[in-house]
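Undergrad: Structure supplied as entry04.csv; contents: CSV, C-alpha atoms and all ligand atoms.
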chain,number,residue,atom,x,y,z
X,95,MET,CA,140.4,73.8,133.4
X,96,PRO,CA,139.1,77.1,134.8
X,97,ASP,CA,135.3,77.5,134.6
X,98,ARG,CA,134.3,79.7,131.7
X,99,PRO,CA,131.5,82.1,132.4
X,100,ALA,CA,128.3,80.6,131.1
X,101,ALA,CA,127.3,82.1,127.7
X,102,PRO,CA,123.9,83.7,127.6
X,103,ALA,CA,121.4,81.3,126.1
X,104,LEU,CA,121.4,81.7,122.3
X,105,PHE,CA,117.6,81.9,122.0
X,106,GLY,CA,117.1,83.8,125.2
X,107,SER,CA,116.9,87.2,123.4
X,108,LEU,CA,114.0,86.1,121.3
X,109,GLU,CA,110.6,87.7,122.0
X,110,ARG,CA,107.1,86.4,121.3
X,111,GLN,CA,105.8,87.6,117.9
X,112,GLN,CA,102.3,88.8,117.1
X,113,PRO,CA,100.4,85.9,115.6
X,114,ASP,CA,99.5,86.5,111.9
X,115,ALA,CA,96.2,88.5,112.1
X,116,LEU,CA,94.6,86.4,109.4
X,117,LEU,CA,95.6,83.0,110.9
X,118,ALA,CA,94.1,84.2,114.2
X,119,VAL,CA,90.8,85.0,112.4
X,120,ILE,CA,90.8,81.6,110.8
X,121,ALA,CA,91.3,79.9,114.2
X,122,MET,CA,88.5,81.9,115.8
X,123,HIS,CA,86.1,81.1,112.9
X,124,ARG,CA,86.9,77.4,113.2
X,125,ALA,CA,86.2,77.5,117.0
X,126,ASP,CA,82.9,79.3,116.6
X,127,PRO,CA,80.0,76.8,117.1
X,128,ARG,CA,77.3,79.1,115.5
X,129,PRO,CA,76.0,77.3,112.4
X,130,ASP,CA,75.5,80.4,110.2
X,131,LYS,CA,79.0,81.7,110.7
X,132,ILE,CA,80.6,83.4,107.7
X,133,ASP,CA,84.3,83.4,106.8
X,134,VAL,CA,85.3,86.3,104.5
X,135,GLY,CA,88.8,86.4,105.9
X,136,VAL,CA,90.8,83.7,104.3
X,137,GLY,CA,92.4,84.7,100.9
X,138,VAL,CA,91.5,81.7,98.8
X,139,TYR,CA,88.9,81.3,96.0
X,140,ARG,CA,85.7,79.5,97.1
X,141,ASP,CA,83.1,78.1,94.8
X,142,VAL,CA,79.3,78.4,95.1
X,143,ALA,CA,79.4,75.6,97.7
X,144,GLY,CA,82.0,77.3,99.7
X,145,ALA,CA,84.8,74.9,98.7
X,146,THR,CA,88.3,75.5,97.4
X,147,PRO,CA,88.4,72.6,94.9
X,148,VAL,CA,91.3,71.2,93.0
X,149,MET,CA,90.7,72.5,89.4
X,150,ARG,CA,89.6,69.9,86.9
X,151,ALA,CA,92.7,70.3,84.7
X,152,VAL,CA,95.0,70.1,87.7
X,153,LYS,CA,93.4,66.8,88.8
X,154,ALA,CA,93.8,65.4,85.2
X,155,ALA,CA,97.4,66.6,85.0
X,156,GLU,CA,98.2,65.1,88.4
X,157,ALA,CA,96.7,61.7,87.3
X,158,ARG,CA,98.9,61.8,84.2
X,159,LEU,CA,102.0,62.7,86.3
X,160,LEU,CA,101.3,59.9,88.7
X,161,ALA,CA,101.1,57.4,85.8
X,162,SER,CA,104.0,58.7,83.8
X,163,GLN,CA,106.6,60.3,86.1
X,164,SER,CA,109.5,57.9,86.2
X,165,SER,CA,111.9,59.8,88.4
X,166,LYS,CA,112.0,62.3,91.2
X,167,GLY,CA,115.7,63.1,90.6
X,168,TYR,CA,116.8,66.6,91.1
X,169,LEU,CA,116.2,69.3,88.6
X,170,GLY,CA,118.5,72.4,88.6
X,171,ALA,CA,118.1,75.6,90.7
X,172,GLU,CA,115.9,77.0,87.8
X,173,GLY,CA,113.3,74.3,88.5
X,174,ASP,CA,111.2,73.2,85.6
X,175,GLN,CA,112.3,75.5,82.8
X,176,ALA,CA,109.6,74.3,80.4
X,177,PHE,CA,107.0,75.4,83.0
X,178,THR,CA,108.5,78.8,83.3
X,179,ASP,CA,108.7,79.3,79.5
X,180,LEU,CA,105.0,78.1,79.0
X,181,ILE,CA,103.7,80.4,81.8
X,182,ALA,CA,105.8,83.3,80.3
X,183,ASP,CA,103.6,83.0,77.2
X,184,ILE,CA,100.6,83.6,79.4
X,185,ALA,CA,102.0,86.2,81.7
X,186,LEU,CA,104.2,88.2,79.3
X,187,GLY,CA,102.8,87.2,75.9
X,188,GLU,CA,104.5,87.8,72.6
X,189,PRO,CA,107.0,89.3,71.9
X,190,LEU,CA,108.2,89.7,75.5
X,191,ALA,CA,108.2,86.0,76.3
X,192,ARG,CA,110.8,85.6,73.5
X,193,ASP,CA,112.8,88.7,74.3
X,194,GLY,CA,116.5,87.9,74.9
X,195,ARG,CA,116.6,90.7,77.5
X,196,ILE,CA,114.2,88.8,79.8
X,197,THR,CA,115.2,85.7,81.8
X,198,GLY,CA,113.1,83.8,84.2
X,199,ILE,CA,113.2,80.8,86.6
X,200,GLN,CA,110.7,78.9,88.7
X,201,THR,CA,110.3,79.9,92.3
X,202,PRO,CA,108.4,78.5,95.4
X,203,GLY,CA,105.2,80.6,94.8
X,204,GLY,CA,104.8,84.3,94.3
X,205,THR,CA,106.4,84.8,97.8
X,206,GLY,CA,109.6,83.0,96.6
X,207,ALA,CA,109.6,85.2,93.5
X,208,LEU,CA,109.3,88.3,95.5
X,209,ARG,CA,112.0,87.3,97.9
X,210,LEU,CA,114.3,86.3,95.0
X,211,ALA,CA,113.6,89.6,93.4
X,212,ALA,CA,114.5,91.4,96.6
X,213,GLU,CA,117.8,89.5,96.9
X,214,LEU,CA,118.7,90.2,93.3
X,215,VAL,CA,118.1,93.9,93.8
X,216,ALA,CA,120.1,93.8,97.1
X,217,MET,CA,123.0,92.1,95.4
X,218,SER,CA,122.9,94.4,92.4
X,219,ARG,CA,122.7,97.6,94.5
X,220,PRO,CA,122.9,97.1,98.3
X,221,GLY,CA,120.7,99.4,100.3
X,222,SER,CA,118.3,100.0,97.5
X,223,THR,CA,114.9,101.5,98.2
X,224,ILE,CA,111.6,100.0,97.3
X,225,TRP,CA,108.4,102.0,97.1
X,226,MET,CA,105.0,100.4,97.8
X,227,GLY,CA,101.5,101.7,98.1
X,228,ASN,CA,99.6,101.9,101.3
X,229,PRO,CA,97.9,99.5,101.9
X,230,THR,CA,99.5,96.5,100.3
X,231,TRP,CA,99.7,92.8,101.0
X,232,PRO,CA,101.0,92.7,104.6
X,233,ASN,CA,103.9,90.3,103.7
X,234,HIS,CA,105.4,92.7,101.1
X,235,GLY,CA,107.2,94.9,103.7
X,236,PRO,CA,108.7,92.0,105.6
X,237,ILE,CA,109.9,90.2,102.5
X,238,PHE,CA,111.8,93.2,101.2
X,239,ARG,CA,113.2,94.3,104.6
X,240,ALA,CA,114.4,90.7,105.1
X,241,ALA,CA,116.6,91.1,102.0
X,242,GLY,CA,118.0,94.4,103.4
X,243,LEU,CA,116.0,96.8,101.2
X,244,ALA,CA,114.7,100.1,102.5
X,245,VAL,CA,110.9,100.2,102.3
X,246,ARG,CA,109.1,103.5,101.6
X,247,GLU,CA,105.4,104.0,101.2
X,248,HIS,CA,103.3,106.1,99.0
X,249,ALA,CA,99.5,106.7,99.1
X,250,TYR,CA,97.4,104.2,97.1
X,251,PHE,CA,93.8,104.0,98.3
X,252,ASP,CA,91.1,106.6,99.2
X,253,ARG,CA,89.0,104.6,101.6
X,254,ALA,CA,86.1,107.2,101.5
X,255,LEU,CA,85.9,107.0,97.7
X,256,GLY,CA,86.7,103.3,97.5
X,257,ASP,CA,89.1,104.1,94.7
X,258,ILE,CA,92.7,104.6,93.9
X,259,ASP,CA,94.1,107.9,95.1
X,260,PHE,CA,96.0,108.3,91.8
X,261,ASP,CA,97.2,111.8,92.6
X,262,GLY,CA,98.6,110.4,95.8
X,263,VAL,CA,100.4,107.7,93.9
X,264,LEU,CA,102.0,110.2,91.5
X,265,ASP,CA,102.9,112.6,94.3
X,266,GLY,CA,104.4,109.8,96.4
X,267,LEU,CA,106.5,108.5,93.5
X,268,ALA,CA,107.7,112.1,92.8
X,269,ALA,CA,109.9,111.6,95.9
X,270,ALA,CA,111.6,108.5,94.4
X,271,SER,CA,115.1,108.7,93.1
X,272,ALA,CA,116.5,107.2,89.9
X,273,GLY,CA,117.2,103.5,90.4
X,274,ASP,CA,114.6,103.1,93.2
X,275,ILE,CA,112.3,100.0,92.8
X,276,VAL,CA,108.5,100.5,92.6
X,277,LEU,CA,106.3,97.6,93.6
X,278,LEU,CA,103.1,97.5,91.6
X,279,HIS,CA,100.2,94.9,91.8
X,280,GLY,CA,99.7,93.7,88.2
X,281,CYS,CA,95.9,93.2,88.8
X,282,CYS,CA,93.4,92.3,91.5
X,283,HIS,CA,95.0,94.5,94.2
X,284,ASN,CA,95.3,92.9,97.6
X,285,PRO,CA,93.7,94.1,99.9
X,286,THR,CA,91.7,96.8,98.1
X,287,GLY,CA,90.5,95.3,94.8
X,288,ALA,CA,91.2,98.7,93.2
X,289,ALA,CA,93.3,98.1,90.0
X,290,PHE,CA,94.9,100.7,87.8
X,291,SER,CA,93.0,101.6,84.6
X,292,ALA,CA,94.7,101.5,81.2
X,293,ALA,CA,95.2,105.3,81.3
X,294,GLN,CA,96.7,105.1,84.8
X,295,TRP,CA,99.1,102.3,83.7
X,296,ARG,CA,100.1,104.6,80.8
X,297,ALA,CA,100.7,107.5,83.1
X,298,LEU,CA,102.7,105.3,85.5
X,299,ALA,CA,104.8,103.8,82.7
X,300,ASP,CA,105.6,107.3,81.6
X,301,LEU,CA,106.5,108.4,85.1
X,302,VAL,CA,108.6,105.3,85.8
X,303,ALA,CA,110.5,105.6,82.5
X,304,ALA,CA,111.1,109.4,82.8
X,305,ARG,CA,112.4,109.1,86.4
X,306,ARG,CA,114.4,105.9,85.6
X,307,LEU,CA,112.7,103.9,88.4
X,308,VAL,CA,112.7,100.1,88.2
X,309,PRO,CA,109.2,98.5,88.3
X,310,LEU,CA,108.7,95.2,90.2
X,311,ILE,CA,105.3,93.9,89.2
X,312,ASP,CA,103.6,91.4,91.5
X,313,LEU,CA,101.3,89.4,89.3
X,314,ALA,CA,99.6,86.9,91.7
X,315,TYR,CA,96.0,86.8,90.4
X,316,GLN,CA,96.2,86.8,86.6
X,317,GLY,CA,92.8,85.7,85.1
X,318,LEU,CA,90.8,86.4,88.3
X,319,GLY,CA,90.2,90.1,87.4
X,320,ASP,CA,89.1,91.0,83.9
X,321,GLY,CA,90.7,88.1,81.9
X,322,LEU,CA,94.1,86.6,81.3
X,323,VAL,CA,95.2,89.1,78.7
X,324,GLU,CA,93.5,92.1,80.3
X,325,ASP,CA,95.1,91.3,83.7
X,326,ALA,CA,98.6,91.3,82.3
X,327,ALA,CA,98.2,94.4,80.1
X,328,GLY,CA,99.6,96.8,82.7
X,329,ALA,CA,102.7,94.6,83.3
X,330,ARG,CA,103.3,94.3,79.6
X,331,LYS,CA,103.0,98.0,79.0
X,332,MET,CA,105.4,98.7,81.8
X,333,LEU,CA,108.0,96.2,80.5
X,334,ALA,CA,107.8,97.7,77.0
X,335,ALA,CA,108.4,101.2,78.5
X,336,VAL,CA,111.5,100.7,80.5
X,337,PRO,CA,114.9,98.9,80.1
X,338,GLU,CA,114.9,97.2,83.5
X,339,ALA,CA,112.0,95.5,85.3
X,340,LEU,CA,111.0,92.5,87.4
X,341,VAL,CA,107.8,90.4,87.3
X,342,ALA,CA,107.0,88.1,90.3
X,343,TYR,CA,104.4,85.6,89.3
X,344,SER,CA,102.2,83.2,91.2
X,345,CYS,CA,100.2,80.2,89.8
X,346,ASP,CA,98.8,79.5,93.3
X,347,LYS,CA,95.5,81.3,92.8
X,348,ASN,CA,94.8,81.0,89.0
X,349,PHE,CA,95.6,77.2,89.1
X,350,GLY,CA,94.3,76.7,92.7
X,351,LEU,CA,97.6,75.2,93.7
X,352,TYR,CA,98.1,77.3,96.9
X,353,ARG,CA,100.1,74.8,99.0
X,354,GLU,CA,102.1,73.4,96.1
X,355,ARG,CA,103.9,76.8,95.9
X,356,VAL,CA,104.2,77.5,92.2
X,357,GLY,CA,105.6,80.7,90.9
X,358,ALA,CA,108.2,82.3,88.7
X,359,LEU,CA,110.4,85.4,88.5
X,360,TRP,CA,111.3,87.2,85.3
X,361,VAL,CA,113.9,89.9,85.1
X,362,GLN,CA,114.3,92.3,82.2
X,363,SER,CA,117.7,93.9,81.8
X,364,ALA,CA,119.3,96.3,79.4
X,365,GLY,CA,120.6,93.6,77.0
X,366,ALA,CA,121.1,90.0,76.2
X,367,ALA,CA,124.6,89.9,77.6
X,368,THR,CA,123.5,91.4,81.0
X,369,SER,CA,120.7,88.9,81.0
X,370,LEU,CA,123.1,86.0,81.2
X,371,ALA,CA,124.7,87.5,84.3
X,372,VAL,CA,121.3,88.2,85.8
X,373,ARG,CA,120.4,84.5,85.2
X,374,ASP,CA,123.6,83.3,86.8
X,375,THR,CA,123.0,85.5,89.8
X,376,LEU,CA,119.3,84.3,90.1
X,377,LEU,CA,120.5,80.7,90.1
X,378,THR,CA,123.3,81.4,92.7
X,379,LEU,CA,120.7,83.2,94.9
X,380,ALA,CA,118.2,80.4,94.5
X,381,ARG,CA,120.8,77.8,95.5
X,382,SER,CA,121.3,79.6,98.9
X,383,LEU,CA,117.6,80.3,99.4
X,384,TRP,CA,115.9,77.0,98.6
X,385,SER,CA,118.3,75.1,96.3
X,386,MET,CA,115.5,74.3,93.9
X,387,PRO,CA,111.8,74.9,93.9
X,388,PRO,CA,109.2,72.2,94.7
X,389,ASP,CA,108.4,70.3,91.5
X,390,HIS,CA,104.9,68.9,91.7
X,391,GLY,CA,102.7,71.9,91.2
X,392,ALA,CA,104.9,73.3,88.4
X,393,ALA,CA,104.9,69.9,86.6
X,394,ALA,CA,101.1,69.9,86.8
X,395,VAL,CA,100.9,73.4,85.3
X,396,ARG,CA,103.4,72.4,82.6
X,397,THR,CA,101.3,69.3,81.8
X,398,ILE,CA,98.2,71.4,81.4
X,399,LEU,CA,99.8,74.0,79.2
X,400,GLU,CA,101.4,71.4,77.0
X,401,ASP,CA,98.0,69.9,76.2
X,402,PRO,CA,95.6,72.1,74.3
X,403,ALA,CA,92.5,70.3,75.7
X,404,LEU,CA,93.7,70.6,79.3
X,405,ALA,CA,94.7,74.2,78.7
X,406,ALA,CA,91.3,75.0,77.3
X,407,ASP,CA,89.6,73.4,80.3
X,408,TRP,CA,91.8,75.3,82.7
X,409,ARG,CA,90.9,78.6,80.9
X,410,ALA,CA,87.2,77.7,81.0
X,411,GLU,CA,87.2,76.9,84.7
X,412,LEU,CA,89.2,80.0,85.5
X,413,ALA,CA,86.7,82.1,83.5
X,414,GLY,CA,83.9,80.5,85.7
X,415,MET,CA,85.8,81.5,88.8
X,416,ARG,CA,86.2,85.0,87.5
X,417,ASP,CA,82.5,85.2,86.6
X,418,ARG,CA,81.5,84.1,90.0
X,419,ILE,CA,83.7,86.7,91.7
X,420,GLY,CA,82.1,89.3,89.4
X,421,ALA,CA,78.6,88.2,90.2
X,422,VAL,CA,79.2,88.5,94.0
X,423,ARG,CA,80.8,91.9,93.5
X,424,ALA,CA,77.8,93.1,91.5
X,425,ARG,CA,75.4,91.9,94.2
X,426,LEU,CA,77.4,93.6,97.0
X,427,GLY,CA,77.8,96.8,95.0
X,428,ALA,CA,74.1,97.0,94.4
X,429,ALA,CA,73.2,96.3,98.0
X,430,HIS,CA,74.2,99.7,99.5
X,431,PRO,CA,75.7,103.0,98.2
X,432,ALA,CA,78.7,102.6,100.4
X,433,LEU,CA,79.5,99.2,98.8
X,434,SER,CA,79.1,100.4,95.2
X,435,PRO,CA,82.9,100.6,94.6
X,436,ILE,CA,83.1,96.9,95.1
X,437,ALA,CA,81.3,96.3,91.8
X,438,ARG,CA,83.9,98.4,89.9
X,439,GLN,CA,86.8,96.6,91.6
X,440,GLN,CA,88.3,93.2,90.7
X,441,GLY,CA,89.7,90.0,92.2
X,442,LEU,CA,89.1,88.4,95.5
X,443,PHE,CA,89.5,91.3,97.8
X,444,ALA,CA,87.8,94.5,98.9
X,445,LEU,CA,88.4,96.8,101.8
X,446,LEU,CA,85.1,97.5,103.6
X,447,PRO,CA,84.5,101.1,104.7
X,448,ILE,CA,84.2,100.1,108.4
X,449,ASP,CA,86.4,100.6,111.4
X,450,PRO,CA,88.1,97.8,113.6
X,451,ALA,CA,85.4,98.2,116.2
X,452,SER,CA,82.7,97.3,113.7
X,453,VAL,CA,84.8,94.3,112.6
X,454,MET,CA,84.8,93.1,116.2
X,455,ASP,CA,81.1,93.7,116.5
X,456,LEU,CA,80.4,91.7,113.3
X,457,ARG,CA,82.4,88.9,114.7
X,458,GLU,CA,80.8,88.8,118.1
X,459,ARG,CA,77.2,89.6,117.2
X,460,HIS,CA,76.9,88.0,113.7
X,461,ALA,CA,79.7,85.4,113.5
X,462,ILE,CA,81.1,87.2,110.5
X,463,TYR,CA,84.9,86.8,110.3
X,464,LEU,CA,87.3,89.2,108.7
X,465,PRO,CA,90.6,90.8,109.8
X,466,ALA,CA,90.5,94.2,111.6
X,467,SER,CA,91.7,95.9,108.4
X,468,GLY,CA,88.2,95.4,107.0
X,469,ARG,CA,89.4,93.3,104.1
X,470,VAL,CA,86.9,90.8,102.8
X,471,ASN,CA,87.4,87.9,100.4
X,472,VAL,CA,84.2,88.3,98.3
X,473,ALA,CA,84.5,84.7,97.2
X,474,GLY,CA,83.8,83.8,100.9
X,475,LEU,CA,80.1,84.7,100.2
X,476,ARG,CA,77.6,82.4,98.7
X,477,ASP,CA,74.1,82.9,97.3
X,478,GLU,CA,72.7,81.6,100.7
X,479,THR,CA,74.9,83.9,102.9
X,480,ILE,CA,75.2,87.1,101.0
X,481,GLU,CA,71.9,88.5,102.2
X,482,THR,CA,72.8,87.7,105.9
X,483,PHE,CA,76.1,89.3,105.4
X,484,VAL,CA,74.7,92.5,103.9
X,485,THR,CA,71.9,92.8,106.5
X,486,ALA,CA,74.5,92.5,109.3
X,487,LEU,CA,76.9,94.9,107.6
X,488,VAL,CA,74.5,97.8,106.6
X,489,PRO,CA,74.2,99.3,110.1
X,490,TYR,CA,78.0,99.9,110.2
X,491,LEU,CA,78.0,101.7,106.8
X,492,SER,CA,77.8,105.4,106.3
X,493,PRO,CA,74.4,106.2,104.7
X,494,MET,CA,75.8,109.2,102.9
X,495,ALA,CA,78.2,107.3,100.7
X,501,LIG,N1,101.4,88.7,96.1
X,501,LIG,C1,100.2,89.0,96.5
X,501,LIG,C2,99.6,90.4,96.3
X,501,LIG,C3,99.4,88.1,97.3
X,501,LIG,O1,98.2,88.4,97.7
X,501,LIG,C4,100.0,86.8,97.5
X,501,LIG,C5,99.3,85.7,98.2
X,501,LIG,N2,98.4,86.1,99.1
X,501,LIG,C6,101.3,86.6,97.0
X,501,LIG,C7,102.0,87.5,96.3
X,501,LIG,C8,102.0,85.3,97.2
X,501,LIG,O2,101.4,84.2,96.7
X,501,LIG,P1,102.0,82.7,96.9
X,501,LIG,O3,101.0,82.0,97.7
X,501,LIG,O4,102.1,82.2,95.5
X,501,LIG,O5,103.3,82.8,97.6
Would you write the structure of this file as structure tokens?
Ligand code: PMP
TA:
Amino acid sequence: MPDRPAAPALFGSLERQQPDALLAVIAMHRADPRPDKIDVGVGVYRDVAGATPVMRAVKAAEARLLASQSSKGYLGAEGDQAFTDLIADIALGEPLARDGRITGIQTPGGTGALRLAAELVAMSRPGSTIWMGNPTWPNHGPIFRAAGLAVREHAYFDRALGDIDFDGVLDGLAAASAGDIVLLHGCCHNPTGAAFSAAQWRALADLVAARRLVPLIDLAYQGLGDGLVEDAAGARKMLAAVPEALVAYSCDKNFGLYRERVGALWVQSAGAATSLAVRDTLLTLARSLWSMPPDHGAAAVRTILEDPALAADWRAELAGMRDRIGAVRARLGAAHPALSPIARQQGLFALLPIDPASVMDLRERHAIYLPASGRVNVAGLRDETIETFVTALVPYLSPMA
């Protein structure tokens, strides 16, 4: 046999990748021996003691599952449909949750819902464009590009004002073509905390309907902003205004189930007949992406929502988390004029009006850890640390704000 030329190594073309900026911050914080170090980087809820606890209702539901679950046999690609239908009542409310034009399946977290949404769009109309505000969650762009969508950005945030640049949003979307997808954060914007007002949602719904754009609403923090119903109001308004829409949902924050990967995707199409084809396509796509979503977290959520007492306890604990976030926001907002927008914003995140050099300085001189973008998780602060944080931060803030 003549020698064949050696094939180049399959993996030889791969290059080192930038480590995830946030994971790098976490690692540096962990390695810092200073006892008064502060982590406002990681994007999970923390209680007054700085812990990210398993919620009471989740613990109770898990105990019930442990005692009662008799099989780990496969479900279908749709996952736990009772979970999806129960959470639809909370996310979409009546009458949308019962609307025959809307179909939904369980997904591995909000990330899975976004990726499935992207694949559905790519399959429905290859080469579609999706618009997203700048800044947005850093994983949004990669998720949509991975599915072959073209990503375009529009303005979102005025850093000097600490508020939404709504004219910038409208101007940006004026360049969108009919059929383009528009990604909108349902509430608790990551990373800015700046959420659309009711009037802005109305204006957006009018624009999206008039220009025949397709909204994809990322609802990852329902209940951590102004309330469960309030946080879904924009999404519901949008769905009522347009024939076609998508909602990517995460239970990972509002049930504290992060690593269990609990989410859902709903798709609204023009009619009940189309909806059946949409559902078939979602299931086919899910089969090739993850076959079926992980069960445990969704089963815990279902167990909670099926039991009025557990559901009430979940709502109460969630309200407590929301109140704590609000209290930290109020204290930060009152501490300095440049921080005052934080009190008007919602959810875990705020974008501090400081530059990357100041972020580095805070890390080196004060052991305060956040990514270079200036995003902070306000729930990373406690009564005992908030004063230290503000005192360290103030020299980097503009006094004129
Ligand atoms: N959307 C936004 C805006 C997020 O911030 C996140 C999580 N950081 C997600 C979606 C994904 O959430 P999950 O952990 O459920 O995949």
Undergrad: If we count all atoms listed in the file and set the cut-off at 12 Å, which residues sit around Ala304 in chain X, ignoring sequence neighbours fewer than 3 positions away in its own chain? Please answer as a list in words.
TA: Leu267, Ala268, Ala270, Ser271, Ala272, Gly273, Ala297, Leu298, Ala299, Asp300, Leu301, Leu307, Val308, Ala335, Val336 and Pro337 of chain X
Undergrad: How would you report the residues lying within 6 Å of ligand LIG 501 (chain X), as a list of chain:residue names, if you count all atoms listed in the file?
TA: X:Gly203, X:Gly204, X:Thr205, X:Trp231, X:Asn284, X:Asp312, X:Ala314, X:Ser344, X:Asp346, X:Tyr352, X:Arg355, X:Gly357
Undergrad: Using CA of Leu412 in chain X and CA of Ala155 in chain X as the two end points, give the distance in Å to one decimal.
TA: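 Distance between the two atoms: 15.7 Å.
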Undergrad: Please determine, counting all atoms listed in the file, which residue among X:Val302, X:Val134, X:Met217, X:Ala461 has the shortest atom-to-atom distance to Leu445 in chain X.
TA: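 Among the listed residues, X:Val134 lies closest to Leu445 in chain X.
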Undergrad: Residues at most 12 Å from Gly414 in chain X, counting all atoms listed in the file, excluding those fewer than 6 positions away in the same chain, as a PyMOL selection string?
TA: chain X and resi 139-142+149+317-321+348+407-408+420-421
Undergrad: What lies within 10 Å of Ile120 in chain X using all atoms listed in the file, ignoring chain neighbours under 6 positions off, as a PyMOL selection string?
TA: chain X and resi 133-136+463-465
Undergrad: Since we have the selection now, will you write its residues out, keeping C-alpha atoms, as an mmCIF file, in the coordinates of the input?
TA:
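File selection-v3.cif, as written:
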data_model
loop_
_atom_site.group_PDB
_atom_site.id
_atom_site.type_symbol
_atom_site.label_atom_id
_atom_site.label_comp_id
_atom_site.auth_asym_id
_atom_site.auth_seq_id
_atom_site.Cartn_x
_atom_site.Cartn_y
_atom_site.Cartn_z
ATOM 1 C CA ASP X 133 84.300 83.400 106.800
ATOM 2 C CA VAL X 134 85.300 86.300 104.500
ATOM 3 C CA GLY X 135 88.800 86.400 105.900
ATOM 4 C CA VAL X 136 90.800 83.700 104.300
ATOM 5 C CA TYR X 463 84.900 86.800 110.300
ATOM 6 C CA LEU X 464 87.300 89.200 108.700
ATOM 7 C CA PRO X 465 90.600 90.800 109.800
#
Undergrad: What is the distance between CA of Leu377 in chain X and CA of Arg246 in chain X, in Å to one decimal?
TA: 28.0 Å
Undergrad: For a test of reading the model, state the distance in Å between CA of Ala437 in chain X and CA of Arg425 in chain X, rounded to one decimal.
TA: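 The value is 7.7 Å.
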Undergrad: Let me make sure I understand: among X:Ala334, X:Ala366, X:Arg253, X:Thr286, which one has the smallest atom-to-atom distance to Ala432 in chain X if we use all atoms listed in the file?
TA: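 For Ala432 in chain X, the nearest of the candidates is X:Arg253.
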Undergrad: Using all atoms listed in the file, find the one residue out of X:Pro387, X:Gly427, X:Pro236, X:Gly227 that sits nearest to Ala212 in chain X.
TA: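 Going through X:Pro387, X:Gly427, X:Pro236, X:Gly227 one by one, the smallest distance to Ala212 in chain X is for X:Pro236.
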Undergrad: Pick out the closest residue to Thr375 in chain X from this set: X:Leu313, X:Ala428, X:Val361, X:Ile448. Count all atoms listed in the file.
TA: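 Answer, going by the shortest atom-to-atom distance: X:Val361.
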Undergrad: Within 10 Å of Lys166 in chain X, counting all atoms listed in the file, which residues show up once you throw out same-chain ones fewer than 3 positions away? Write them as a compact mmCIF listing (two decimals) with C-alpha atoms, keeping the file's coordinate frame, please.
TA:
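result_30.txt was written with the following content:
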# COMPACT_ATOMS: atom_id res chain seq x y z
CA GLN X 163 106.60 60.30 86.10
CA LEU X 169 116.20 69.30 88.60
CA ASP X 389 108.40 70.30 91.50
CA HIS X 390 104.90 68.90 91.70
